[in-house]
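The structure under discussion appears below in the form of structure tokens.
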Amino acid sequence: MPQDTAYIGIDIGGTKTIAMLVTPTGNVLGRAQAPTPARQGPRAVLDTAAGLAGQLSGDRRTSVGIGAAGTLDPATGTVRYATDSLPGWAGTRIAAELAARLNRRVSVDNDVNAAALGEAWTGAGREREHLLLVAVGTGLGAGLIRYGRVEHGAHGAAGEVAHLPVPGAERLRCGCGRHGHLEALASGTGLGAAYALATGERVTGREVAARAEAGESMARRVLSLAGEALGGALAGLVALLDPQAVIVAGGAAPALFPAATRAYAAELLPAWADVPLLPAALGDGAVAIGAARLAMEDK
């Protein structure tokens, strides 16, 4: 393999697009980012991604990997479903459209799957072949790694832990429209909804975390219940999926991690006592690094 070989990984999110130039050993050679022009439609979003790729690649004939928001068909690189954070995104042929713009191979997967692949490659899951990554942000997502590669399942949606029924969420509405699911409690949106149900005051999940940090008892209770639900559910998933580690990522993760860790330890069966619950290590670069790995695997 030539010494100057590198791959481009791109994270297309609802607010920003991050691109990285990554070597075959996982070293990041360069990074570029730009606001995602979501309201201007898919064409503008893809133009931005292509511009960042061109900026980083220079004269290199690099392959490109994309980690994108939404539910995707990994075989075709087409978006099956997306929220309104990227208007018109559903149906977008990401792989084909970017391949045409860049005149090079483009591989595509869901952003949380890409984050899981990144953490497995150079992050908290390094040197482990079997991992579950859960991303706790505005919503709740997950990626499953088997033998070092993303496990997609029969419908391309393996790891949708958001929709596990959990106690304490019966009166809270999940992003899917149903009540009682894990995402309805253990997510940024869920924290805000649970706090509003308890107090009548509508605030963001970030504000709930800030109030808990300041010592407010109800905010602390909301965080505790959400973290316990998350940790208990993850312990059950360890018995089902048998990973070597569980990684928790996302903006809401630090607020939930202490209670989740306690519940996880309490619920984990002895046969899996050596399976740790770990904080993610790659920060906002995980998706782009994982997308570069995806490009490397698909070469």
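Chain labels run A, B, ... following the order of the structure tokens; each chain numbers its residues from 1, and ligands are numbered from 1 in the order shown.
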
Original post:
When DSSP works through the backbone of this structure, what residues of stretch 14-239 of chain A end up as alpha helix (DSSP H), shown as a ChimeraX atom specification?
Top reply: /A:42-57,94-102,111-122,188-199,205-213,217-239

Selected residues written out with C-alpha atoms, as an mmCIF file, in the first residue's frame:
```cif
data_model
loop_
_atom_site.group_PDB
_atom_site.id
_atom_site.type_symbol
_atom_site.label_atom_id
_atom_site.label_comp_id
_atom_site.auth_asym_id
_atom_site.auth_seq_id
_atom_site.Cartn_x
_atom_site.Cartn_y
_atom_site.Cartn_z
ATOM 1 C CA PRO A 42 -30.160 17.865 -0.344
ATOM 2 C CA ARG A 43 -28.309 19.255 -3.357
ATOM 3 C CA ALA A 44 -26.731 22.019 -1.269
ATOM 4 C CA VAL A 45 -25.895 19.538 1.505
ATOM 5 C CA LEU A 46 -24.123 17.224 -0.938
ATOM 6 C CA ASP A 47 -22.336 20.148 -2.611
ATOM 7 C CA THR A 48 -20.959 21.114 0.796
ATOM 8 C CA ALA A 49 -19.763 17.574 1.477
ATOM 9 C CA ALA A 50 -18.135 17.356 -1.954
ATOM 10 C CA GLY A 51 -16.414 20.700 -1.413
ATOM 11 C CA LEU A 52 -14.893 19.543 1.866
ATOM 12 C CA ALA A 53 -13.741 16.294 0.268
ATOM 13 C CA GLY A 54 -12.050 18.176 -2.542
ATOM 14 C CA GLN A 55 -10.430 20.550 -0.073
ATOM 15 C CA LEU A 56 -8.803 17.674 1.822
ATOM 16 C CA SER A 57 -7.933 15.276 -0.965
ATOM 17 C CA ILE A 94 -26.000 9.933 -1.395
ATOM 18 C CA ALA A 95 -23.511 7.435 -2.818
ATOM 19 C CA ALA A 96 -24.479 7.969 -6.449
ATOM 20 C CA GLU A 97 -24.764 11.761 -6.183
ATOM 21 C CA LEU A 98 -21.418 12.222 -4.461
ATOM 22 C CA ALA A 99 -19.666 9.690 -6.699
ATOM 23 C CA ALA A 100 -20.786 11.765 -9.678
ATOM 24 C CA ARG A 101 -19.536 14.988 -8.095
ATOM 25 C CA LEU A 102 -16.188 13.574 -6.981
ATOM 26 C CA ASP A 111 -23.926 8.153 11.225
ATOM 27 C CA VAL A 112 -24.229 6.112 14.437
ATOM 28 C CA ASN A 113 -23.007 2.985 12.631
ATOM 29 C CA ALA A 114 -20.041 5.016 11.398
ATOM 30 C CA ALA A 115 -19.363 6.276 14.933
ATOM 31 C CA ALA A 116 -19.400 2.698 16.209
ATOM 32 C CA LEU A 117 -16.925 1.699 13.500
ATOM 33 C CA GLY A 118 -14.687 4.646 14.377
ATOM 34 C CA GLU A 119 -14.669 3.868 18.096
ATOM 35 C CA ALA A 120 -13.962 0.213 17.308
ATOM 36 C CA TRP A 121 -11.040 1.173 15.074
ATOM 37 C CA THR A 122 -9.161 3.866 17.010
ATOM 38 C CA GLY A 188 -32.090 14.957 25.340
ATOM 39 C CA THR A 189 -35.683 15.209 24.198
ATOM 40 C CA GLY A 190 -36.741 12.610 26.756
ATOM 41 C CA LEU A 191 -35.101 14.462 29.639
ATOM 42 C CA GLY A 192 -36.961 17.629 28.723
ATOM 43 C CA ALA A 193 -40.259 15.769 28.385
ATOM 44 C CA ALA A 194 -39.863 13.920 31.699
ATOM 45 C CA TYR A 195 -39.007 17.158 33.489
ATOM 46 C CA ALA A 196 -42.037 18.887 31.972
ATOM 47 C CA LEU A 197 -44.283 16.007 33.053
ATOM 48 C CA ALA A 198 -42.981 16.284 36.611
ATOM 49 C CA THR A 199 -42.917 20.076 36.963
ATOM 50 C CA GLY A 205 -32.461 18.296 28.178
ATOM 51 C CA ARG A 206 -29.308 20.395 28.429
ATOM 52 C CA GLU A 207 -31.057 22.680 30.911
ATOM 53 C CA VAL A 208 -32.238 19.692 32.939
ATOM 54 C CA ALA A 209 -28.620 18.533 33.177
ATOM 55 C CA ALA A 210 -27.488 22.032 34.194
ATOM 56 C CA ARG A 211 -30.144 22.245 36.916
ATOM 57 C CA ALA A 212 -29.151 18.830 38.198
ATOM 58 C CA GLU A 213 -25.532 19.958 38.340
ATOM 59 C CA SER A 217 -33.687 17.727 43.299
ATOM 60 C CA MET A 218 -36.267 17.153 40.544
ATOM 61 C CA ALA A 219 -33.698 17.547 37.772
ATOM 62 C CA ARG A 220 -31.455 15.090 39.592
ATOM 63 C CA ARG A 221 -34.335 12.648 39.878
ATOM 64 C CA VAL A 222 -35.088 12.904 36.156
ATOM 65 C CA LEU A 223 -31.442 12.235 35.277
ATOM 66 C CA SER A 224 -31.278 9.355 37.723
ATOM 67 C CA LEU A 225 -34.382 7.649 36.332
ATOM 68 C CA ALA A 226 -33.201 8.105 32.744
ATOM 69 C CA GLY A 227 -29.698 6.845 33.507
ATOM 70 C CA GLU A 228 -31.048 3.840 35.392
ATOM 71 C CA ALA A 229 -33.335 2.950 32.490
ATOM 72 C CA LEU A 230 -30.425 3.224 30.062
ATOM 73 C CA GLY A 231 -28.000 1.203 32.178
ATOM 74 C CA GLY A 232 -30.508 -1.540 32.897
ATOM 75 C CA ALA A 233 -31.452 -1.844 29.238
ATOM 76 C CA LEU A 234 -27.793 -2.029 28.199
ATOM 77 C CA ALA A 235 -27.112 -4.788 30.718
ATOM 78 C CA GLY A 236 -29.955 -6.794 29.205
ATOM 79 C CA LEU A 237 -28.615 -6.178 25.711
ATOM 80 C CA VAL A 238 -25.212 -7.511 26.764
ATOM 81 C CA ALA A 239 -26.867 -10.827 27.601
#
```

**OP:** Pick out the residues sitting within 8 Å of A:Lys16, and hand them over as a ChimeraX atom specification; count only C-alpha atoms, and ignore anything fewer than 5 positions along from it in its own chain.
**Re:** /A:33-36

Go ahead and write the residues just picked, N, CA, C and O atoms, as an mmCIF file, in the first residue's frame.
```
data_model
loop_
_atom_site.group_PDB
_atom_site.id
_atom_site.type_symbol
_atom_site.label_atom_id
_atom_site.label_comp_id
_atom_site.auth_asym_id
_atom_site.auth_seq_id
_atom_site.Cartn_x
_atom_site.Cartn_y
_atom_site.Cartn_z
ATOM 1 N N GLN A 33 -14.468 21.519 8.123
ATOM 2 C CA GLN A 33 -15.891 21.446 8.430
ATOM 3 C C GLN A 33 -16.590 22.710 7.954
ATOM 4 O O GLN A 33 -15.964 23.747 7.691
ATOM 5 N N ALA A 34 -17.911 22.605 7.840
ATOM 6 C CA ALA A 34 -18.732 23.725 7.394
ATOM 7 C C ALA A 34 -20.139 23.524 7.934
ATOM 8 O O ALA A 34 -20.549 22.390 8.214
ATOM 9 N N PRO A 35 -20.891 24.602 8.091
ATOM 10 C CA PRO A 35 -22.293 24.441 8.462
ATOM 11 C C PRO A 35 -23.032 23.647 7.390
ATOM 12 O O PRO A 35 -22.772 23.816 6.192
ATOM 13 N N THR A 36 -23.923 22.757 7.800
ATOM 14 C CA THR A 36 -24.740 22.011 6.846
ATOM 15 C C THR A 36 -25.892 22.898 6.381
ATOM 16 O O THR A 36 -26.704 23.329 7.205
#
```

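The protein and nucleic acid residues lying at most 8 Å from A:Ala169 are A:His179, A:Gly180, A:His181, A:Leu182, A:Ala184, A:Leu185, with only C-alpha atoms considered and sequence neighbours fewer than 6 positions away removed.
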
**OP:** For A:Ala253, please output as a ChimeraX atom specification all residues within 10 Å (counting only C-alpha atoms; exclusion window: fewer than 3 positions along the same chain).
**Re:** /A:134-137,186-188,227,248-250,256-258,260,279-280

Original post:
Can you tell me, as JSON, numbers by chain, what residues are no more than 9 Å from A:Gly285 when counting only C-alpha atoms, ignoring any on the same chain fewer than 3 positions away?
Top reply: {"A": [11, 18, 19, 20, 115, 118, 282, 288, 289, 290]}

Output file for the residues above (all heavy atoms, as an mmCIF file, in the first residue's frame):
```cif
data_model
loop_
_atom_site.group_PDB
_atom_site.id
_atom_site.type_symbol
_atom_site.label_atom_id
_atom_site.label_comp_id
_atom_site.auth_asym_id
_atom_site.auth_seq_id
_atom_site.Cartn_x
_atom_site.Cartn_y
_atom_site.Cartn_z
ATOM 1 N N ASP A 11 -18.851 13.291 7.920
ATOM 2 C CA ASP A 11 -20.012 13.225 8.808
ATOM 3 C C ASP A 11 -20.998 14.303 8.374
ATOM 4 O O ASP A 11 -20.738 15.498 8.542
ATOM 5 C CB ASP A 11 -19.541 13.452 10.247
ATOM 6 C CG ASP A 11 -20.679 13.613 11.247
ATOM 7 O OD1 ASP A 11 -21.847 13.391 10.879
ATOM 8 O OD2 ASP A 11 -20.380 13.966 12.406
ATOM 9 N N ILE A 18 -18.579 17.508 8.846
ATOM 10 C CA ILE A 18 -17.166 17.380 9.205
ATOM 11 C C ILE A 18 -16.506 16.378 8.271
ATOM 12 O O ILE A 18 -17.043 15.284 8.049
ATOM 13 C CB ILE A 18 -17.006 16.890 10.661
ATOM 14 C CG1 ILE A 18 -17.635 17.876 11.636
ATOM 15 C CG2 ILE A 18 -15.533 16.667 11.004
ATOM 16 C CD1 ILE A 18 -17.683 17.362 13.064
ATOM 17 N N ALA A 19 -15.363 16.740 7.716
ATOM 18 C CA ALA A 19 -14.595 15.841 6.856
ATOM 19 C C ALA A 19 -13.206 15.651 7.446
ATOM 20 O O ALA A 19 -12.625 16.587 8.000
ATOM 21 C CB ALA A 19 -14.495 16.405 5.443
ATOM 22 N N MET A 20 -12.684 14.428 7.318
ATOM 23 C CA MET A 20 -11.338 14.133 7.799
ATOM 24 C C MET A 20 -10.581 13.308 6.771
ATOM 25 O O MET A 20 -11.174 12.454 6.106
ATOM 26 C CB MET A 20 -11.379 13.369 9.130
ATOM 27 C CG MET A 20 -11.844 14.191 10.312
ATOM 28 S SD MET A 20 -11.714 13.267 11.864
ATOM 29 C CE MET A 20 -12.156 14.542 13.039
ATOM 30 N N ALA A 115 -19.995 5.963 13.643
ATOM 31 C CA ALA A 115 -19.363 6.276 14.933
ATOM 32 C C ALA A 115 -18.922 5.006 15.635
ATOM 33 O O ALA A 115 -17.831 4.943 16.222
ATOM 34 C CB ALA A 115 -20.326 7.065 15.809
ATOM 35 N N GLY A 118 -15.821 3.815 13.996
ATOM 36 C CA GLY A 118 -14.687 4.646 14.377
ATOM 37 C C GLY A 118 -14.171 4.322 15.766
ATOM 38 O O GLY A 118 -12.961 4.190 15.983
ATOM 39 N N LEU A 282 -13.651 9.445 20.924
ATOM 40 C CA LEU A 282 -13.287 10.222 19.737
ATOM 41 C C LEU A 282 -14.049 11.528 19.573
ATOM 42 O O LEU A 282 -13.801 12.271 18.621
ATOM 43 C CB LEU A 282 -13.483 9.358 18.483
ATOM 44 C CG LEU A 282 -12.612 8.108 18.400
ATOM 45 C CD1 LEU A 282 -12.903 7.350 17.109
ATOM 46 C CD2 LEU A 282 -11.136 8.454 18.504
ATOM 47 N N ALA A 288 -16.752 10.728 11.305
ATOM 48 C CA ALA A 288 -15.882 10.913 10.141
ATOM 49 C C ALA A 288 -14.770 9.866 10.112
ATOM 50 O O ALA A 288 -14.433 9.331 9.041
ATOM 51 C CB ALA A 288 -15.288 12.319 10.147
ATOM 52 N N ILE A 289 -14.197 9.545 11.270
ATOM 53 C CA ILE A 289 -13.151 8.522 11.310
ATOM 54 C C ILE A 289 -13.726 7.166 10.930
ATOM 55 O O ILE A 289 -13.123 6.402 10.157
ATOM 56 C CB ILE A 289 -12.506 8.482 12.708
ATOM 57 C CG1 ILE A 289 -11.694 9.758 12.946
ATOM 58 C CG2 ILE A 289 -11.619 7.243 12.857
ATOM 59 C CD1 ILE A 289 -11.198 9.930 14.362
ATOM 60 N N GLY A 290 -14.894 6.857 11.446
ATOM 61 C CA GLY A 290 -15.549 5.599 11.073
ATOM 62 C C GLY A 290 -15.923 5.555 9.599
ATOM 63 O O GLY A 290 -15.829 4.506 8.951
#
```

Original post:
For the atom pair atom CA of A:Ala6 and atom CA of A:Arg31, what is the interatomic distance in Å to one decimal place?
Top reply: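 For atom CA of A:Ala6 relative to atom CA of A:Arg31, the distance reads 12.7 Å.
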
**OP:** Using DSSP on the backbone coordinates, identify the residues of stretch 79-294 of chain A assigned to strand (DSSP E); present them as number ranges by chain.
**Re:** A: 79-81, 106-110, 131-136, 140-146, 149-150, 245-249, 277-279

**OP:** Report the distance between atom CA of A:Pro24 and atom CA of A:Ala291 in Å, rounded to one decimal place.
**Re:**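 Spanning atom CA of A:Pro24 to atom CA of A:Ala291 is a straight-line distance of 12.3 Å.
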
Subject >> Residue nearest A:Ala75 among A:Ala90, A:Val246, A:Val108, A:Ile8 (counting only C-alpha atoms) >> reply: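 Distance minimum relative to A:Ala75 lands on A:Val108.
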
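Here the question is which of A:Gly41, A:Gly123, A:Gly159, A:Pro243 gets nearest to A:Leu277 using only C-alpha atoms, and that residue is A:Pro243.
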
Subject >> Coordinates-based distance that separates atom CA of A:Glu183 from atom CA of A:Ile10 (Å, one decimal) >> reply: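 Separation of atom CA of A:Ile10 and atom CA of A:Glu183: 26.0 Å.
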